[in-house]
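These notes concern the structure reproduced below.
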Amino acid sequence: VVIGGDAAGMSAAAQARRLRPADELEIVVLEQGPEVSYSACGIPYWIGGLVSDRDRLIARTPEQFAEKDIEVRTSTRAESIDLAAGKVVATDGERLGYDSLVVATGGRPARPDVPGLDADGVYGVHRLSDGAAIRAAITAGAKRAVVLGGGYIGLEMAEVLQTRGLAVTVVLADPVPMAQLDRDMGERVCAAMGDMGIDVQTGQPVREIEMDADGTARAVRTDTGSYDTDIVVLGLGMGPEVSLAREAGLQLGVTGAIDVAHTQRSRSHPEVFAAGDCSQTFHKMTGEAIHVALGTHANKQGKIAGSVIGGRPARFAGVLGTAMTKVGDLEVARTGLCTTQAEDGGFDFRTETIDATTRAGYYPGAAPITIKLITERGSGLLLGAQIVGGPGSGKRIDVLATAIWAGMTAEELAGTDLSYAPPFSPTYDPVVVAARVASRIQQG
Ligand SMILES: Cc1cc2nc3c(=O)[nH]c(=O)nc-3n(C[C@H](O)[C@H](O)[C@H](O)COP(=O)(O)OP(=O)(O)OC[C@H]3O[C@@H](n4cnc5c(N)ncnc54)[C@H](O)[C@@H]3O)c2cc1C
């Protein structure tokens, strides 16, 4: 039995089915919503009009899973889990027995405890229905939006709402957007957003959503000001959705997410697996328990659970915290440790920041790119990297993530055979330039 029919749950179901045929393993997926296998990641771009049709965000339908002998029950909630009896109780009261259970209940958007949050005109960005509601509000004539939160969902929503013609204010409690970056890199993001005409109000926790007499949101109030708006969009981060797991008595970890081993087996009940946004994971470099709500991990972790259930040994390898996003033409990416994490981890480190261009300087479309590297003092071991720049910048983080994953030093990275042609990079790719500067400084 699988609870939750999106990235983690359907990856688990599909992988288990690949490894074990229907006469050996019956698979039933319970999904409380109307669809499975949908892309939350695409919701901002559907709102922005880049994706024309909601159905394009749905990778596979229940009927397609049925062809693979995976029974999907939509609009069916798992109400409780009886761990002792090995049964899940569904909405209709049916008790489904299981040999293996996958809990893939996903994330729960952070909601600040402030008056007015339930007002009409306040929207989350989590499910496809949220996307439909925001699209409807824009069609109905919304002209101003306040986005709460300066993480990647906040940035993506700011971009697409502006694209749809709304005046956008982003209100965040942190001193700069993208708290996973170092402050100096976050300041670049903040300045670029200002240049794009997005009003960014930093260091201001929201205190209240002010309402009209009819209960519709009309402004967001902080200690500093009140920002008039037609709609409020919540982009305040994602915690784990673990109410079902907690009530059942599954062990939660220090992050509040379900505590799992590298096989995605729950620590307290080995016949129960958890994967995706509801589960805890670990940092590959520090071993620290962390909660990272990203689809890239949810898919992989679901597949690991499905492999183990299907009889093929598999282990999740951990996360580096690699992530990227964009706002307008500005691409933002990070991997590994930021300076705060390096300090907390007790590393003796140094940082180097370089400015370059994404293409040969003479080639049309060459855009500025800034790369910051964090390396261990003395050894030059790569610890972390951050990128802020124009089109073509962000995906370079994958080279840096691979180098960190492989335990390379800045000097080793500087000597790697990276590609060059004027439309794609300067003679020395900015990644190589950053690595060279970092290794030269280590040596000197
Ligand atoms: C706007 C947005 C943009 C994003 N962009 C990116 C991106 O660019 N890159 C990236 O890597 N990640 C991105 N993510 C994150 C990514 O979407 C999630 O990490 C991923 O969807 C998590 O998958 P999951 O299967 O763990 O959980 P979910 O996708 O949340 O699915 C959990 C499912 O479980 C169901 N469920 C919960 N409780 C029950 C119950 N009791 N009974 C039955 N069903 C239940 C829910 O209805 C839901 O369908 C984005 C997320 C959002 C919201």
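Ligands are numbered from 1 in the order shown, chains are lettered A, B, ... in the order of the structure tokens, and residues start at 1 in each chain.
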- Task: Give the residue list for ligand 1 at 8 Å, counting only C-alpha atoms and all ligand atoms, as a ChimeraX atom specification, sorted by chain and then by residue number.
- Result: /A:3-10,30-33,35-44,75-80,90,104-108,125-127,152-153,156-157,241,244,275-279,292-299,302,323-325
- In region 24-181 of chain A, DSSP helix (DSSP H, G or I) residues written as an MDAnalysis selection string: chainID A and resid 40:47 54:57 62:67 128:139 152:163
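Here CA of Ser419 (chain A) stands at a distance of 28.8 Å from CA of Gly186 (chain A).
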- Write out as a list in words all residues of region 98-218 of chain A that DSSP puts in strand (DSSP E or B) for this structure's backbone.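 Secondary structure check on region 98-218 of chain A, strand (DSSP E or B): Leu101, Val102, Val103, Gly107, Arg108, Pro109, Asp120, Val122, Tyr123, Arg144, Ala145, Val146, Val147, Leu148, Ala167, Val168, Thr169, Val170, Val171, Asp199, Val200, Gln201, Glu208, Ile209, Glu210, Met211, Thr216, Ala217 and Arg218 of chain A.
For region 393-407 of chain A, the set of protein, DNA and RNA residues having any atom at most 7 Å away, when counting only C-alpha atoms and skipping those fewer than 4 positions along the same chain, is Thr322, Met324, Glu331, Val332, Ala333, Arg334, Thr335, Thr358, Ile369, Leu381, Leu382, Leu383, Ala385, Ile387, Val388, Gly389 and Leu413 of chain A.
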Could those selected residues go to a file with all heavy atoms, as a compact mmCIF listing (two decimals), in the first residue's frame?
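Saved as selection28.txt:
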```txt
# COMPACT_ATOMS: atom_id res chain seq x y z
N THR A 322 21.77 20.84 -3.41
CA THR A 322 21.84 21.48 -4.73
C THR A 322 20.45 21.97 -5.11
O THR A 322 19.47 21.22 -4.99
CB THR A 322 22.33 20.47 -5.78
OG1 THR A 322 23.51 19.85 -5.30
CG2 THR A 322 22.60 21.15 -7.12
N MET A 324 18.30 25.17 -7.71
CA MET A 324 18.38 26.35 -8.56
C MET A 324 16.99 26.91 -8.84
O MET A 324 15.99 26.21 -8.71
CB MET A 324 19.12 26.04 -9.86
CG MET A 324 18.39 25.19 -10.84
SD MET A 324 19.39 24.89 -12.32
CE MET A 324 19.57 26.54 -12.98
N GLU A 331 19.41 33.93 -12.88
CA GLU A 331 19.45 32.53 -12.44
C GLU A 331 20.23 32.44 -11.13
O GLU A 331 21.26 33.10 -10.96
CB GLU A 331 20.08 31.66 -13.53
CG GLU A 331 19.26 31.69 -14.81
CD GLU A 331 19.77 30.79 -15.91
OE1 GLU A 331 20.82 30.12 -15.73
OE2 GLU A 331 19.13 30.76 -16.97
N VAL A 332 19.74 31.62 -10.23
CA VAL A 332 20.31 31.52 -8.88
C VAL A 332 20.48 30.05 -8.56
O VAL A 332 19.54 29.27 -8.73
CB VAL A 332 19.35 32.16 -7.85
CG1 VAL A 332 19.96 32.11 -6.45
CG2 VAL A 332 18.98 33.58 -8.22
N ALA A 333 21.68 29.66 -8.10
CA ALA A 333 21.90 28.23 -7.82
C ALA A 333 22.87 28.08 -6.67
O ALA A 333 23.69 28.97 -6.41
CB ALA A 333 22.44 27.53 -9.06
N ARG A 334 22.77 26.96 -5.98
CA ARG A 334 23.69 26.70 -4.86
C ARG A 334 23.88 25.19 -4.70
O ARG A 334 23.05 24.40 -5.09
CB ARG A 334 23.16 27.34 -3.57
CG ARG A 334 21.78 26.95 -3.15
CD ARG A 334 21.66 25.95 -2.04
NE ARG A 334 22.42 26.33 -0.87
CZ ARG A 334 23.20 25.47 -0.23
NH1 ARG A 334 23.30 24.21 -0.63
NH2 ARG A 334 23.87 25.84 0.84
N THR A 335 25.01 24.82 -4.11
CA THR A 335 25.24 23.42 -3.76
C THR A 335 26.21 23.35 -2.58
O THR A 335 26.95 24.31 -2.33
CB THR A 335 25.78 22.61 -4.97
OG1 THR A 335 25.81 21.22 -4.61
CG2 THR A 335 27.18 23.05 -5.37
N THR A 358 28.85 34.49 -19.26
CA THR A 358 28.34 33.14 -19.57
C THR A 358 28.81 32.64 -20.94
O THR A 358 28.83 31.45 -21.18
CB THR A 358 26.80 33.16 -19.59
OG1 THR A 358 26.37 34.21 -20.48
CG2 THR A 358 26.25 33.40 -18.19
N ILE A 369 28.03 36.62 -14.86
CA ILE A 369 27.85 35.50 -13.94
C ILE A 369 28.81 35.68 -12.77
O ILE A 369 29.97 36.06 -12.97
CB ILE A 369 28.09 34.13 -14.64
CG1 ILE A 369 28.08 32.98 -13.62
CG2 ILE A 369 29.36 34.08 -15.46
CD1 ILE A 369 28.11 31.59 -14.24
N LEU A 381 39.89 21.48 -0.61
CA LEU A 381 38.70 20.66 -0.85
C LEU A 381 37.48 21.56 -1.09
O LEU A 381 37.25 22.51 -0.35
CB LEU A 381 38.45 19.77 0.37
CG LEU A 381 37.31 18.75 0.25
CD1 LEU A 381 37.68 17.63 -0.71
CD2 LEU A 381 36.96 18.20 1.63
N LEU A 382 36.73 21.25 -2.14
CA LEU A 382 35.53 22.04 -2.44
C LEU A 382 34.44 21.72 -1.43
O LEU A 382 34.09 20.55 -1.25
CB LEU A 382 35.03 21.72 -3.85
CG LEU A 382 35.94 22.18 -4.99
CD1 LEU A 382 35.61 21.42 -6.27
CD2 LEU A 382 35.78 23.68 -5.22
N LEU A 383 33.90 22.76 -0.81
CA LEU A 383 32.86 22.56 0.20
C LEU A 383 31.50 23.07 -0.27
O LEU A 383 30.47 22.50 0.08
CB LEU A 383 33.23 23.29 1.50
CG LEU A 383 34.51 22.86 2.21
CD1 LEU A 383 34.76 23.74 3.43
CD2 LEU A 383 34.41 21.39 2.63
N ALA A 385 29.30 25.93 -3.30
CA ALA A 385 29.35 26.87 -4.42
C ALA A 385 28.00 27.56 -4.57
O ALA A 385 26.95 26.96 -4.28
CB ALA A 385 29.71 26.13 -5.71
N ILE A 387 25.92 30.44 -7.32
CA ILE A 387 25.97 31.14 -8.61
C ILE A 387 24.79 32.10 -8.70
O ILE A 387 23.66 31.74 -8.38
CB ILE A 387 25.88 30.14 -9.79
CG1 ILE A 387 27.06 29.17 -9.77
CG2 ILE A 387 25.82 30.89 -11.12
CD1 ILE A 387 27.02 28.13 -10.88
N VAL A 388 25.07 33.32 -9.14
CA VAL A 388 24.03 34.28 -9.48
C VAL A 388 24.42 34.89 -10.82
O VAL A 388 25.56 35.36 -10.96
CB VAL A 388 23.91 35.40 -8.41
CG1 VAL A 388 22.90 36.45 -8.84
CG2 VAL A 388 23.49 34.81 -7.06
N GLY A 389 23.52 34.88 -11.79
CA GLY A 389 23.90 35.45 -13.08
C GLY A 389 22.79 35.38 -14.10
O GLY A 389 21.68 34.92 -13.80
N LEU A 413 39.57 20.54 -9.93
CA LEU A 413 38.48 21.05 -10.79
C LEU A 413 39.04 22.00 -11.84
O LEU A 413 38.61 21.98 -13.00
CB LEU A 413 37.42 21.75 -9.93
CG LEU A 413 36.26 22.40 -10.68
CD1 LEU A 413 35.50 21.38 -11.54
CD2 LEU A 413 35.29 23.08 -9.72
```
- Point out the residue among A:Tyr428, A:Tyr98, A:Trp46, A:Phe65 with the least atom-to-atom distance to Ser129 (chain A), counting only C-alpha atoms.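 Among the listed residues, the smallest separation from Ser129 (chain A) belongs to A:Trp46.
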